[in-house]
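Note: the block below is work03.txt and it holds compact mmCIF, C-alpha atoms and all ligand atoms.
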```
# COMPACT_ATOMS: atom_id res chain seq x y z
CA MET A 141 8.37 -4.68 -59.19
CA ALA A 142 7.54 -5.54 -55.58
CA ASN A 143 9.48 -8.80 -55.97
CA LYS A 144 12.51 -6.94 -57.25
CA ASP A 145 12.36 -4.56 -54.24
CA ASP A 146 12.01 -7.49 -51.88
CA GLN A 147 15.03 -9.17 -53.42
CA GLN A 148 17.09 -5.99 -53.11
CA ALA A 149 16.08 -5.60 -49.47
CA LYS A 150 17.05 -9.24 -48.82
CA ASN A 151 20.44 -8.77 -50.48
CA LEU A 152 21.06 -5.66 -48.42
CA HIS A 153 19.98 -7.49 -45.29
CA ASN A 154 22.36 -10.39 -46.05
CA LYS A 155 25.17 -8.00 -46.83
CA ASN A 156 24.57 -6.14 -43.56
CA GLN A 157 24.45 -9.38 -41.66
CA HIS A 158 27.75 -10.53 -43.02
CA SER A 159 29.39 -7.15 -42.85
CA LYS A 160 28.73 -6.70 -39.12
CA ASP A 161 31.33 -7.77 -36.64
CA TRP A 162 30.08 -10.23 -34.03
CA LYS A 163 30.57 -7.62 -31.33
CA THR A 164 28.21 -5.29 -33.18
CA LYS A 165 25.77 -8.16 -33.67
CA LEU A 166 25.63 -8.57 -29.89
CA ILE A 167 23.97 -5.16 -29.78
CA HIS A 168 22.37 -4.75 -33.23
CA SER A 169 21.24 -8.26 -33.98
CA ASP A 170 19.26 -9.40 -37.04
CA ALA A 171 18.16 -12.64 -35.37
CA GLU A 172 14.47 -13.36 -35.71
CA VAL A 173 11.89 -15.13 -33.54
CA PRO A 174 8.36 -16.24 -34.50
CA GLN A 175 5.74 -13.52 -33.99
CA GLY A 176 2.24 -13.85 -32.53
CA PHE A 177 2.75 -15.19 -29.00
CA HIS A 178 -0.54 -14.78 -27.15
CA SER A 179 -0.39 -15.55 -23.44
CA LEU A 180 -2.30 -14.63 -20.31
CA ALA A 181 0.65 -13.01 -18.56
CA THR A 182 1.67 -9.37 -18.89
CA PRO A 183 5.16 -9.23 -20.42
CA VAL A 184 7.84 -7.73 -18.20
CA TYR A 185 8.98 -4.61 -20.04
CA ARG A 186 12.24 -3.57 -18.45
CA GLY A 187 13.90 -0.47 -19.74
CA SER A 188 15.55 2.77 -18.82
CA THR A 189 16.27 4.25 -22.25
CA VAL A 190 13.30 4.83 -24.53
CA LEU A 191 14.04 5.29 -28.24
CA PHE A 192 12.55 8.10 -30.31
CA ASP A 193 11.82 7.86 -34.04
CA GLU A 194 13.49 11.17 -34.83
CA ALA A 195 15.54 13.80 -33.05
CA ALA A 196 12.70 16.31 -33.00
CA ALA A 197 10.48 13.82 -31.19
CA ALA A 198 12.84 13.44 -28.20
CA ASN A 199 11.49 14.83 -24.93
CA ASP A 200 11.66 14.16 -21.21
CA HIS A 201 8.10 14.79 -20.13
CA TRP A 202 6.89 12.57 -17.26
CA ASN A 203 3.26 12.19 -18.35
CA GLN A 204 3.36 9.11 -20.56
CA HIS A 205 -0.41 9.30 -21.05
CA GLU A 206 0.04 12.59 -22.91
CA VAL A 207 3.34 12.28 -24.74
CA GLY A 208 3.89 8.52 -25.05
CA TYR A 209 6.87 6.72 -23.57
CA THR A 210 9.94 8.87 -22.90
CA TYR A 211 11.91 7.26 -20.05
CA GLY A 212 11.67 4.07 -18.00
CA LEU A 213 11.55 6.14 -14.80
CA TYR A 214 8.06 7.34 -15.69
CA GLY A 215 6.77 3.87 -16.44
CA THR A 216 7.12 0.95 -18.83
CA PRO A 217 4.00 -0.84 -20.14
CA THR A 218 4.30 -3.22 -17.15
CA THR A 219 4.39 -0.54 -14.45
CA LEU A 220 1.71 1.51 -16.20
CA GLU A 221 -0.55 -1.54 -16.50
CA LEU A 222 -0.30 -2.09 -12.74
CA ALA A 223 -0.99 1.63 -12.19
CA ALA A 224 -4.04 1.53 -14.46
CA LYS A 225 -5.44 -1.56 -12.74
CA VAL A 226 -4.99 -0.14 -9.23
CA CYS A 227 -6.62 3.07 -10.46
CA GLU A 228 -9.55 1.17 -11.96
CA LEU A 229 -10.16 -0.70 -8.68
CA GLU A 230 -9.87 2.43 -6.56
CA ARG A 231 -12.03 4.43 -9.02
CA GLY A 232 -9.50 7.23 -9.21
CA PHE A 233 -8.29 9.45 -12.04
CA ARG A 234 -4.69 8.21 -12.28
CA THR A 235 -2.27 6.10 -10.22
CA ILE A 236 1.49 6.39 -9.85
CA ILE A 237 3.45 3.33 -8.71
CA THR A 238 6.25 3.83 -6.16
CA PRO A 239 9.01 1.51 -4.91
CA GLY A 240 7.11 0.82 -1.64
CA GLY A 241 4.28 2.00 0.57
CA GLN A 242 6.54 4.21 2.66
CA ALA A 243 7.91 5.77 -0.55
CA ALA A 244 4.30 6.56 -1.52
CA ILE A 245 3.83 8.29 1.84
CA SER A 246 6.94 10.48 1.66
CA PHE A 247 6.26 11.23 -2.02
CA ILE A 248 2.75 12.56 -1.21
CA HIS A 249 4.08 14.75 1.59
CA LEU A 250 6.85 16.18 -0.58
CA ALA A 251 4.54 16.80 -3.53
CA LEU A 252 1.70 18.49 -1.67
CA LEU A 253 3.43 20.46 1.10
CA GLN A 254 5.90 23.29 1.29
CA SER A 255 7.69 25.22 3.98
CA GLY A 256 5.21 27.18 6.10
CA ASP A 257 2.33 24.72 5.55
CA HIS A 258 0.63 22.78 8.31
CA VAL A 259 -0.21 19.05 7.96
CA LEU A 260 -2.52 17.05 10.22
CA LEU A 261 -2.24 13.32 10.86
CA PRO A 262 -4.32 11.04 13.09
CA GLU A 263 -2.59 9.84 16.27
CA SER A 264 -3.16 6.32 14.93
CA ILE A 265 -1.12 6.89 11.73
CA TYR A 266 1.36 4.27 10.49
CA GLY A 267 4.57 4.78 12.53
CA PRO A 268 7.02 5.53 9.70
CA ASN A 269 4.60 8.19 8.35
CA ARG A 270 4.88 9.87 11.76
CA MET A 271 8.67 9.48 11.61
CA PHE A 272 8.81 11.13 8.19
CA SER A 273 6.55 13.96 9.32
CA ASN A 274 8.42 14.65 12.56
CA GLY A 275 11.90 13.97 11.23
CA VAL A 276 11.86 15.34 7.69
CA LEU A 277 8.90 17.69 7.22
CA ARG A 278 9.63 19.63 10.39
CA ARG A 279 13.27 19.96 9.32
CA PHE A 280 12.07 21.62 6.12
CA GLY A 281 9.76 24.09 7.87
CA VAL A 282 6.43 22.25 7.68
CA GLU A 283 4.31 22.36 10.85
CA VAL A 284 3.09 18.90 11.87
CA GLY A 285 0.06 18.29 14.11
CA TYR A 286 -1.80 15.20 15.29
CA TYR A 287 -5.53 14.78 15.90
CA PRO A 288 -7.49 12.05 17.69
CA PRO A 289 -8.55 9.47 15.08
CA GLY A 290 -12.14 9.66 16.36
CA ALA A 291 -12.33 13.43 15.78
CA GLY A 292 -14.80 13.38 12.87
CA ALA A 293 -16.22 16.85 12.16
CA ALA A 294 -14.50 18.16 15.32
CA ILE A 295 -11.26 18.08 13.35
CA LYS A 296 -12.09 21.65 12.39
CA ASN A 297 -10.84 22.70 15.84
CA GLU A 298 -7.37 21.52 14.83
CA PHE A 299 -7.14 23.61 11.67
CA ARG A 300 -4.80 26.55 11.36
CA SER A 301 -4.85 29.17 8.62
CA ASN A 302 -1.98 27.30 6.92
CA THR A 303 -3.43 23.74 7.15
CA ARG A 304 -3.02 22.32 3.65
CA LEU A 305 -3.18 18.57 4.07
CA VAL A 306 -5.10 16.16 6.29
CA TRP A 307 -4.09 12.51 6.48
CA CYS A 308 -6.51 9.70 7.36
CA GLU A 309 -5.82 6.04 7.96
CA SER A 310 -8.86 3.87 8.54
CA PRO A 311 -8.68 1.65 10.45
CA GLY A 312 -5.61 3.08 12.15
CA SER A 313 -2.36 1.15 12.25
CA ILE A 314 -2.20 -1.24 15.20
CA THR A 315 -5.01 0.35 17.31
CA MET A 316 -7.58 -0.03 14.50
CA GLU A 317 -9.78 3.04 15.08
CA VAL A 318 -12.20 3.51 12.16
CA GLN A 319 -12.43 7.15 11.11
CA ASP A 320 -15.38 9.28 9.99
CA ILE A 321 -13.92 9.94 6.55
CA PRO A 322 -16.88 11.90 5.07
CA ALA A 323 -16.97 14.26 8.09
CA ILE A 324 -13.20 14.81 7.96
CA THR A 325 -13.06 15.41 4.21
CA GLN A 326 -16.00 17.81 4.38
CA ALA A 327 -14.34 19.87 7.12
CA ALA A 328 -10.98 19.82 5.33
CA HIS A 329 -12.46 20.93 2.02
CA ALA A 330 -14.43 23.72 3.70
CA HIS A 331 -11.04 24.88 5.02
CA GLY A 332 -9.35 24.54 1.61
CA ALA A 333 -7.16 21.57 2.61
CA LEU A 334 -6.61 18.35 0.65
CA THR A 335 -7.24 14.93 2.17
CA VAL A 336 -5.12 11.78 1.86
CA LEU A 337 -6.05 8.26 2.93
CA ASP A 338 -3.74 5.35 3.62
CA ASN A 339 -6.08 2.75 2.10
CA THR A 340 -3.83 -0.28 2.59
CA TRP A 341 -6.05 -2.17 5.07
CA SER A 342 -8.99 -2.23 2.65
CA ALA A 343 -6.72 -3.14 -0.31
CA GLY A 344 -8.36 -0.21 -2.09
CA ILE A 345 -11.42 -2.45 -2.38
CA TYR A 346 -13.51 -2.27 0.79
CA LEU A 347 -13.57 1.52 1.09
CA ASP A 348 -14.52 3.66 -1.91
CA ALA A 349 -12.27 6.52 -0.84
CA PHE A 350 -13.06 8.98 -3.63
CA ALA A 351 -16.82 8.56 -3.16
CA HIS A 352 -16.24 9.49 0.50
CA GLY A 353 -14.48 12.72 -0.42
CA ILE A 354 -10.78 11.73 -0.30
CA ASP A 355 -8.48 13.52 -2.80
CA VAL A 356 -5.46 11.19 -2.77
CA THR A 357 -5.11 7.57 -1.65
CA MET A 358 -2.02 5.50 -1.13
CA GLN A 359 -1.54 1.80 -0.59
CA ALA A 360 1.33 -0.45 0.31
CA LEU A 361 0.88 -2.87 -2.62
CA THR A 362 3.47 -4.84 -0.67
CA LYS A 363 0.53 -6.23 1.31
CA TYR A 364 -2.60 -7.57 -0.42
CA VAL A 365 -1.86 -6.82 -4.06
CA GLY A 366 1.56 -8.48 -3.94
CA GLY A 367 -0.02 -11.03 -1.67
CA HIS A 368 2.97 -13.36 -1.21
CA SER A 369 5.41 -11.41 1.03
CA ASP A 370 8.00 -11.26 -1.75
CA LEU A 371 7.90 -7.70 -3.09
CA LEU A 372 7.79 -4.05 -2.05
CA LEU A 373 5.61 -1.61 -3.99
CA GLY A 374 3.31 1.31 -3.32
CA SER A 375 0.64 3.24 -5.18
CA VAL A 376 -0.64 6.79 -5.12
CA THR A 377 -4.04 7.39 -6.70
CA VAL A 378 -5.52 10.82 -7.29
CA ARG A 379 -8.98 12.28 -7.79
CA ASP A 380 -8.18 14.71 -10.64
CA GLN A 381 -5.78 16.05 -13.24
CA GLY A 382 -4.65 19.00 -11.10
CA ILE A 383 -3.30 16.82 -8.28
CA PHE A 384 -1.90 14.37 -10.84
CA GLU A 385 0.21 17.20 -12.35
CA ARG A 386 1.64 18.12 -8.94
CA LEU A 387 2.48 14.51 -8.13
CA GLY A 388 3.81 13.65 -11.58
CA GLU A 389 6.35 16.46 -11.50
CA MET A 390 7.53 15.48 -8.03
CA HIS A 391 7.74 11.82 -9.08
CA GLN A 392 10.10 12.82 -11.88
CA THR A 393 12.18 15.03 -9.58
CA LEU A 394 12.49 12.47 -6.81
CA GLY A 395 13.17 9.63 -9.26
CA PHE A 396 10.93 7.15 -7.43
CA ALA A 397 10.98 4.41 -10.11
CA ALA A 398 9.38 1.02 -9.44
CA SER A 399 10.88 -2.23 -10.72
CA PRO A 400 8.92 -3.72 -13.67
CA ASP A 401 9.76 -7.19 -12.33
CA ASP A 402 8.05 -6.40 -9.04
CA CYS A 403 5.13 -4.84 -10.93
CA SER A 404 4.74 -8.03 -12.93
CA LEU A 405 4.59 -10.04 -9.69
CA ALA A 406 2.01 -7.58 -8.34
CA LEU A 407 -0.07 -7.99 -11.51
CA ARG A 408 0.01 -11.72 -10.97
CA GLY A 409 -0.90 -11.30 -7.30
CA MET A 410 -3.81 -9.08 -8.23
CA LYS A 411 -5.47 -11.85 -10.25
CA THR A 412 -6.01 -13.96 -7.14
CA MET A 413 -6.69 -11.08 -4.75
CA ALA A 414 -10.47 -11.61 -4.66
CA VAL A 415 -10.23 -15.18 -3.37
CA ARG A 416 -7.38 -14.35 -1.00
CA LEU A 417 -9.22 -11.36 0.44
CA ARG A 418 -12.37 -13.39 0.97
CA ALA A 419 -10.42 -16.18 2.70
CA VAL A 420 -8.46 -13.89 5.04
CA GLU A 421 -11.62 -11.92 5.86
CA GLN A 422 -13.48 -15.07 6.88
CA ALA A 423 -10.54 -16.43 8.88
CA ALA A 424 -9.92 -13.12 10.69
CA LEU A 425 -13.60 -12.77 11.58
CA ALA A 426 -13.82 -16.33 12.87
CA LEU A 427 -10.67 -15.92 14.97
CA ALA A 428 -11.72 -12.47 16.24
CA GLN A 429 -15.12 -13.80 17.31
CA TRP A 430 -13.53 -16.78 19.01
CA LEU A 431 -11.08 -14.51 20.84
CA SER A 432 -13.98 -12.29 22.00
CA GLY A 433 -15.16 -15.21 24.11
CA ARG A 434 -11.81 -15.85 25.77
CA PRO A 435 -11.31 -14.81 29.41
CA GLU A 436 -7.71 -13.67 28.80
CA ILE A 437 -8.75 -11.02 26.28
CA GLU A 438 -10.07 -7.61 27.31
CA LEU A 439 -10.68 -6.18 23.83
CA VAL A 440 -10.80 -7.41 20.26
CA LEU A 441 -9.99 -4.50 17.95
CA HIS A 442 -11.53 -5.80 14.74
CA PRO A 443 -13.56 -3.18 12.81
CA ALA A 444 -16.39 -5.66 12.15
CA LEU A 445 -16.90 -6.21 15.90
CA PRO A 446 -18.68 -3.69 18.19
CA SER A 447 -15.66 -3.69 20.55
CA CYS A 448 -13.61 -1.78 17.94
CA PRO A 449 -13.66 2.05 18.15
CA GLY A 450 -15.56 3.33 15.09
CA HIS A 451 -17.32 0.00 14.40
CA GLU A 452 -20.52 1.89 13.42
CA LEU A 453 -18.53 3.90 10.88
CA TRP A 454 -17.07 0.70 9.47
CA LYS A 455 -20.59 -0.66 9.03
CA ARG A 456 -21.67 2.56 7.33
CA ASP A 457 -18.69 3.11 4.96
CA PHE A 458 -16.93 -0.21 4.31
CA THR A 459 -18.05 -3.14 2.17
CA GLY A 460 -15.86 -5.75 3.84
CA ALA A 461 -13.07 -6.45 6.30
CA SER A 462 -9.55 -7.69 5.78
CA GLY A 463 -7.29 -10.03 7.69
CA LEU A 464 -5.56 -7.69 10.13
CA PHE A 465 -6.78 -6.92 13.64
CA SER A 466 -5.50 -6.50 17.19
CA ILE A 467 -6.29 -7.90 20.62
CA VAL A 468 -5.64 -6.45 24.07
CA PHE A 469 -4.94 -8.78 26.97
CA ARG A 470 -6.55 -8.12 30.36
CA PRO A 471 -4.50 -5.87 32.69
CA GLN A 472 -3.32 -8.74 34.90
CA TYR A 473 -1.07 -10.05 32.13
CA SER A 474 2.51 -8.82 32.20
CA LYS A 475 4.65 -7.94 29.22
CA GLU A 476 6.61 -11.17 29.75
CA GLN A 477 3.41 -13.23 29.62
CA VAL A 478 2.28 -11.53 26.42
CA LEU A 479 5.69 -12.23 24.89
CA ALA A 480 5.47 -15.84 26.09
CA PHE A 481 2.06 -16.15 24.34
CA ILE A 482 3.60 -14.91 21.09
CA ASP A 483 6.59 -17.21 21.37
CA ALA A 484 4.29 -20.18 21.99
CA LEU A 485 2.48 -19.69 18.65
CA ARG A 486 3.57 -22.15 15.99
CA LEU A 487 1.62 -21.21 12.85
CA PHE A 488 1.53 -17.43 13.45
CA LYS A 489 5.02 -16.24 12.55
CA ILE A 490 6.51 -13.14 14.18
CA GLY A 491 6.77 -10.52 11.43
CA TYR A 492 5.62 -7.07 10.38
CA SER A 493 4.57 -7.07 6.75
CA TRP A 494 1.12 -8.64 6.49
CA GLY A 495 -1.10 -9.32 3.45
CA GLY A 496 0.56 -12.57 2.33
CA VAL A 497 -0.47 -16.19 2.71
CA THR A 498 1.16 -16.76 6.13
CA SER A 499 -0.46 -15.83 9.43
CA LEU A 500 1.54 -13.30 11.42
CA VAL A 501 1.71 -11.90 14.93
CA MET A 502 3.38 -8.78 16.33
CA THR A 503 3.50 -7.08 19.69
CA TYR A 504 3.57 -3.32 20.28
CA ASP A 505 4.28 -1.14 23.27
CA MET A 506 1.68 1.64 23.42
CA GLN A 507 3.26 4.08 25.86
CA SER A 508 2.44 7.46 24.31
CA PRO A 509 0.14 9.58 26.55
CA LYS A 510 -2.10 10.42 23.58
CA ARG A 511 -2.69 6.78 22.64
CA PRO A 512 -5.04 4.28 24.31
CA ALA A 513 -3.53 2.91 27.52
CA TYR A 514 -2.96 -0.60 26.17
CA GLY A 515 0.67 -0.61 27.31
CA SER A 516 2.38 -3.81 26.30
CA ARG A 517 -0.87 -5.82 26.27
CA LEU A 518 -1.65 -5.20 22.60
CA VAL A 519 -0.95 -7.92 20.04
CA ARG A 520 -1.63 -7.57 16.32
CA LEU A 521 -2.70 -10.63 14.35
CA TYR A 522 -2.92 -11.30 10.64
CA THR A 523 -4.71 -14.40 9.38
CA GLY A 524 -3.26 -15.99 6.26
CA LEU A 525 -4.57 -18.85 4.16
CA GLU A 526 -4.03 -21.71 6.62
CA ALA A 527 -7.11 -23.69 7.72
CA ILE A 528 -9.02 -21.66 10.32
CA GLU A 529 -9.42 -24.61 12.70
CA ASP A 530 -5.61 -24.97 12.81
CA LEU A 531 -5.18 -21.25 13.43
CA ILE A 532 -7.68 -21.28 16.30
CA ALA A 533 -6.04 -24.40 17.75
CA ASP A 534 -2.67 -22.66 17.57
CA VAL A 535 -3.93 -19.60 19.44
CA GLU A 536 -5.72 -21.84 21.97
CA GLN A 537 -2.59 -23.80 22.82
CA ALA A 538 -0.58 -20.56 23.15
CA LEU A 539 -3.24 -19.10 25.48
CA GLY A 540 -3.12 -22.34 27.43
CA ARG A 541 0.60 -21.85 27.98
CA LEU A 542 -0.15 -18.39 29.32
CA THR A 543 -2.52 -19.72 31.96
CA THR A 544 -0.12 -22.54 32.94
CA ASP A 545 2.80 -20.11 33.21
CA GLN A 546 0.67 -17.84 35.39
CA HIS A 547 0.10 -20.46 38.10
C1 LIG B 1 -0.81 0.92 6.76
C2 LIG B 1 0.53 0.86 6.10
N1 LIG B 1 0.90 1.85 5.29
C3 LIG B 1 2.11 1.86 4.69
C4 LIG B 1 3.00 0.84 4.87
C5 LIG B 1 4.38 0.92 4.22
O1 LIG B 1 4.49 0.00 3.19
P1 LIG B 1 5.91 -0.61 2.74
O2 LIG B 1 6.27 -1.63 3.76
O3 LIG B 1 5.63 -1.14 1.39
O4 LIG B 1 6.89 0.53 2.68
C6 LIG B 1 2.66 -0.23 5.69
C7 LIG B 1 3.59 -1.36 5.91
O5 LIG B 1 3.63 -1.96 6.94
C8 LIG B 1 1.38 -0.22 6.33
O6 LIG B 1 1.01 -1.21 7.16
```

Can you present the structure in this file as structure tokens?
Amino acid sequence: MANKDDQQAKNLHNKNQHSKDWKTKLIHSDAEVPQGFHSLATPVYRGSTVLFDEAAAANDHWNQHEVGYTYGLYGTPTTLELAAKVCELERGFRTIITPGGQAAISFIHLALLQSGDHVLLPESIYGPNRMFSNGVLRRFGVEVGYYPPGAGAAIKNEFRSNTRLVWCESPGSITMEVQDIPAITQAAHAHGALTVLDNTWSAGIYLDAFAHGIDVTMQALTKYVGGHSDLLLGSVTVRDQGIFERLGEMHQTLGFAASPDDCSLALRGMKTMAVRLRAVEQAALALAQWLSGRPEIELVLHPALPSCPGHELWKRDFTGASGLFSIVFRPQYSKEQVLAFIDALRLFKIGYSWGGVTSLVMTYDMQSPKRPAYGSRLVRLYTGLEAIEDLIADVEQALGRLTTDQH
């Protein structure tokens, strides 16, 4: 009987095959490939449309963990695998992947704030976060305030009755202040506000944000997780279901979909992240220590060195350091000399987006009255995977040029 059924099915199949026009076959093909391919790589599942088995099953809910797959915007198996792995490493409840780190920042603001609320950010916050807060949030009736990154428990003096969200970034962008996260989260929670941490510097590895009281973390996966300067992605990880619901709905409404191809590259990058992180940590520490002994340098802003504001907090809360730190030249060096030092570097390339395999350098002008008075003497360095002796030799020859130019 079974054989007869099989034969009938085959006949029908053949008939269908022959009866279809080639143009239909382009879309509804009966071509077959061998099954059972087992590989170590995550397949790249691209897809906008998701098919449902029956009309009654069709729905557009964003939470694929609850209802299964409904639309590529909310995740394909590739994007959700990256989300799950970031979440596992950060020890959160759930993670949502965004098209970049800055997208993760604006998405968090839009999901957790409304007109009439007050948000607090450290003075050391990543520049484009400040731009979004001042330029967009204020336009939509959100009050934006800034607090000194070293505030700790004293942040309570900055709270208003409508303070709903407190941002942290530790260490701070460019100036590298390490924050007292437990003190800040405790004060914020006592006031009924949520806390968010930009956890990009620690790659979500060296600071256990949720254990220190943070409610939401974000990372630019563009940096360490991608690891090769060839993709843009972000992540938002939450402590609990309640915050996940608020973010999930906003993610759907904003339409912040991430590319599965980029997610697949990030998944590949993640596999080597442990060895890359260890290598850049060692190189950055070696270079930072070497620079501490140089007469041209006033300050080395590396969280693992006592010269960095908040170093004691780094020792208390972090389990490692990454490859990004800053130096401040002594006051006698002019802006032109600092620029000449940068231009003299050969291995350190001039570029913003760190976390890859190439060493980078960038200069910043710190002119704001509320920021440390480093002026144009601050230079940010990122150590990549080049040999440390070559990196030190490169910095040494560039410093040598500085001295020669001075005389
Ligand atoms: C600390 C920090 N947060 C967020 C971002 C934004 O990430 P993306 O460049 O992926 O938008 C960056 C990028 O420079 C960053 O350094």

At a cut-off of 6 Å, can you tabulate as a Markdown table every residue of chain A near ligand LIG 1 (chain B) together with its closest atom pair and the distance in Å to one decimal, using all atoms listed in the file and ordering rows by chain then number?
```
| residue | atom | partner | partner_atom | distance |
| --- | --- | --- | --- | --- |
| A:Gly240 | CA | B:LIG1 | O3 | 3.9 |
| A:Gly241 | CA | B:LIG1 | O1 | 3.3 |
| A:Gln242 | CA | B:LIG1 | O4 | 3.7 |
| A:Tyr266 | CA | B:LIG1 | C1 | 5.5 |
| A:Ser313 | CA | B:LIG1 | C1 | 5.7 |
| A:Thr340 | CA | B:LIG1 | C1 | 5.3 |
| A:Ala360 | CA | B:LIG1 | O1 | 4.3 |
| A:Thr362 | CA | B:LIG1 | O3 | 4.8 |
| A:Leu372 | CA | B:LIG1 | O3 | 5.0 |
| A:Leu373 | CA | B:LIG1 | O3 | 5.4 |
| A:Gly374 | CA | B:LIG1 | O3 | 5.8 |
| A:Ser493 | CA | B:LIG1 | O5 | 5.2 |
```

Around (-23.2, 4.0, 8.8) in the file's frame, which residues reach within 12 Å when counting all atoms listed in the file? Return as a VMD selection string?
chain A and resid 318 to 322 450 to 459

Serialized selection, C-alpha atoms, as a short mmCIF file (atom, residue, chain, number, x, y, z; two decimals), in the frame of the given file:
```
data_model
loop_
_atom_site.label_atom_id
_atom_site.label_comp_id
_atom_site.auth_asym_id
_atom_site.auth_seq_id
_atom_site.Cartn_x
_atom_site.Cartn_y
_atom_site.Cartn_z
CA VAL A 318 -12.20 3.51 12.16
CA GLN A 319 -12.43 7.15 11.11
CA ASP A 320 -15.38 9.28 9.99
CA ILE A 321 -13.92 9.94 6.55
CA PRO A 322 -16.88 11.90 5.07
CA GLY A 450 -15.56 3.33 15.09
CA HIS A 451 -17.32 0.00 14.40
CA GLU A 452 -20.52 1.89 13.42
CA LEU A 453 -18.53 3.90 10.88
CA TRP A 454 -17.07 0.70 9.47
CA LYS A 455 -20.59 -0.66 9.03
CA ARG A 456 -21.67 2.56 7.33
CA ASP A 457 -18.69 3.11 4.96
CA PHE A 458 -16.93 -0.21 4.31
CA THR A 459 -18.05 -3.14 2.17
#
```

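Take the candidates A:Glu206, A:Leu252, A:Met316, A:Val282 and check each one against A:Ser447 using all atoms listed in the file; the shortest distance goes to A:Met316.
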
Close residues, A:Leu337 itself excluded, 12 Å, only C-alpha atoms, min 3 positions apart in chain, as a ChimeraX atom specification
/A:230,244-245,248,260-262,265-266,269,305-312,319-322,324-325,334,340-344,347-350,352-360,375-379

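Interatomic distance, atom CA of A:His258 to atom CA of A:Pro239: 26.4 Å.
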
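Here atom CA of A:Gly366 is placed at a distance of 5.0 Å from atom CA of A:Gly409.
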
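Of the residues listed (A:Arg408, A:Arg300, A:Arg270, A:Arg279), A:Arg300 shows the shortest atom-to-atom separation from A:Asp257; distances use all atoms listed in the file.
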
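Within 6 Å of the point (-7.4, -11.5, 6.8) in file coordinates, and counting all atoms listed in the file, lie the residues Val420, Glu421, Ala424, Ser462, Gly463, Leu464, Tyr522 and Thr523 of chain A.
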
If you count only C-alpha atoms, which residues fall within 10 Å of stretch 385-390 of chain A, apart from same-chain ones fewer than 5 positions away, as an mmCIF file with C-alpha atoms, in the frame of the given file?
```cif
data_model
loop_
_atom_site.group_PDB
_atom_site.id
_atom_site.type_symbol
_atom_site.label_atom_id
_atom_site.label_comp_id
_atom_site.auth_asym_id
_atom_site.auth_seq_id
_atom_site.Cartn_x
_atom_site.Cartn_y
_atom_site.Cartn_z
ATOM 1 C CA HIS A 201 8.100 14.790 -20.130
ATOM 2 C CA TRP A 202 6.890 12.570 -17.260
ATOM 3 C CA ASN A 203 3.260 12.190 -18.350
ATOM 4 C CA TYR A 214 8.060 7.340 -15.690
ATOM 5 C CA THR A 235 -2.270 6.100 -10.220
ATOM 6 C CA ILE A 236 1.490 6.390 -9.850
ATOM 7 C CA PHE A 247 6.260 11.230 -2.020
ATOM 8 C CA ILE A 248 2.750 12.560 -1.210
ATOM 9 C CA HIS A 249 4.080 14.750 1.590
ATOM 10 C CA LEU A 250 6.850 16.180 -0.580
ATOM 11 C CA ALA A 251 4.540 16.800 -3.530
ATOM 12 C CA LEU A 252 1.700 18.490 -1.670
ATOM 13 C CA VAL A 376 -0.640 6.790 -5.120
ATOM 14 C CA THR A 377 -4.040 7.390 -6.700
ATOM 15 C CA VAL A 378 -5.520 10.820 -7.290
ATOM 16 C CA ASP A 380 -8.180 14.710 -10.640
ATOM 17 C CA GLY A 395 13.170 9.630 -9.260
ATOM 18 C CA PHE A 396 10.930 7.150 -7.430
#
```

Just to confirm, what's the straight-line distance from atom CA of A:Asp534 to atom CA of A:Phe488 in Å (one decimal)?
7.9 Å

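Proximity of A:Gly212, A:Pro174, A:Pro435, A:Gly232 to A:Leu542, computed with all atoms listed in the file, is greatest for A:Pro435.
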
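Residue neighbourhood of stretch 474-486 of chain A, excluding near-sequence residues (fewer than 4 positions): A:Val468, A:Phe469, A:Arg470, A:Ile490, A:Ser499, A:Leu500, A:Val501, A:Met502, A:Thr503, A:Asp505, A:Gly515, A:Ser516, A:Arg517, A:Leu518, A:Val519, A:Leu531, A:Ala533, A:Asp534, A:Val535, A:Glu536, A:Gln537, A:Ala538, A:Leu539, A:Gly540, A:Arg541, A:Leu542, A:Thr543, A:Asp545, A:Gln546, at 10 Å, using only C-alpha atoms.
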
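Nearest residue to A:Leu361 among A:Met410, A:Ala323, A:Val259, A:Leu229 is A:Met410, counting all atoms listed in the file.
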
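For the residues A:Glu526, A:Thr238, A:Thr315, A:Ala293, ranking by smallest atom-to-atom distance to A:Tyr504 using all atoms listed in the file places A:Thr315 first.
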
For A:Glu263, work out the shell of residues within 6 Å, counting only C-alpha atoms and skipping chain neighbours fewer than 3 positions away, then give it as a PyMOL selection string.
chain A and resi 286-288

Take the selection from the previous step and output its residues with C-alpha atoms, as a PDB file, keeping the file's coordinate frame.
```pdb
ATOM      1  CA  TYR A 286      -1.800  15.200  15.290  1.00  0.00           C
ATOM      2  CA  TYR A 287      -5.530  14.780  15.900  1.00  0.00           C
ATOM      3  CA  PRO A 288      -7.490  12.050  17.690  1.00  0.00           C
TER       4      PRO A 288
END
```

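With all atoms listed in the file as the atoms that count, the residue of A:Val226, A:Ile314, A:Ala398, A:Met506 with the shortest distance to A:Leu441 is A:Ile314.
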
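Residues with any atom within 10 Å of A:Ile532, counting only C-alpha atoms and excluding same-chain neighbours fewer than 6 positions away, are Ala423, Ala426, Leu427, Ala428, Trp430, Leu431, Leu487 and Ala538 of chain A.
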
With 4 Å of padding per side, what axis-aligned box (centre and edge lengths, Å, one decimal) covers all the listed atoms of stretch 278-295 of chain A? Give it as AutoDock Vina command-line options.
```
--center_x -1.5 --center_y 16.8 --center_z 11.9 --size_x 37.5 --size_y 22.6 --size_z 19.6
```
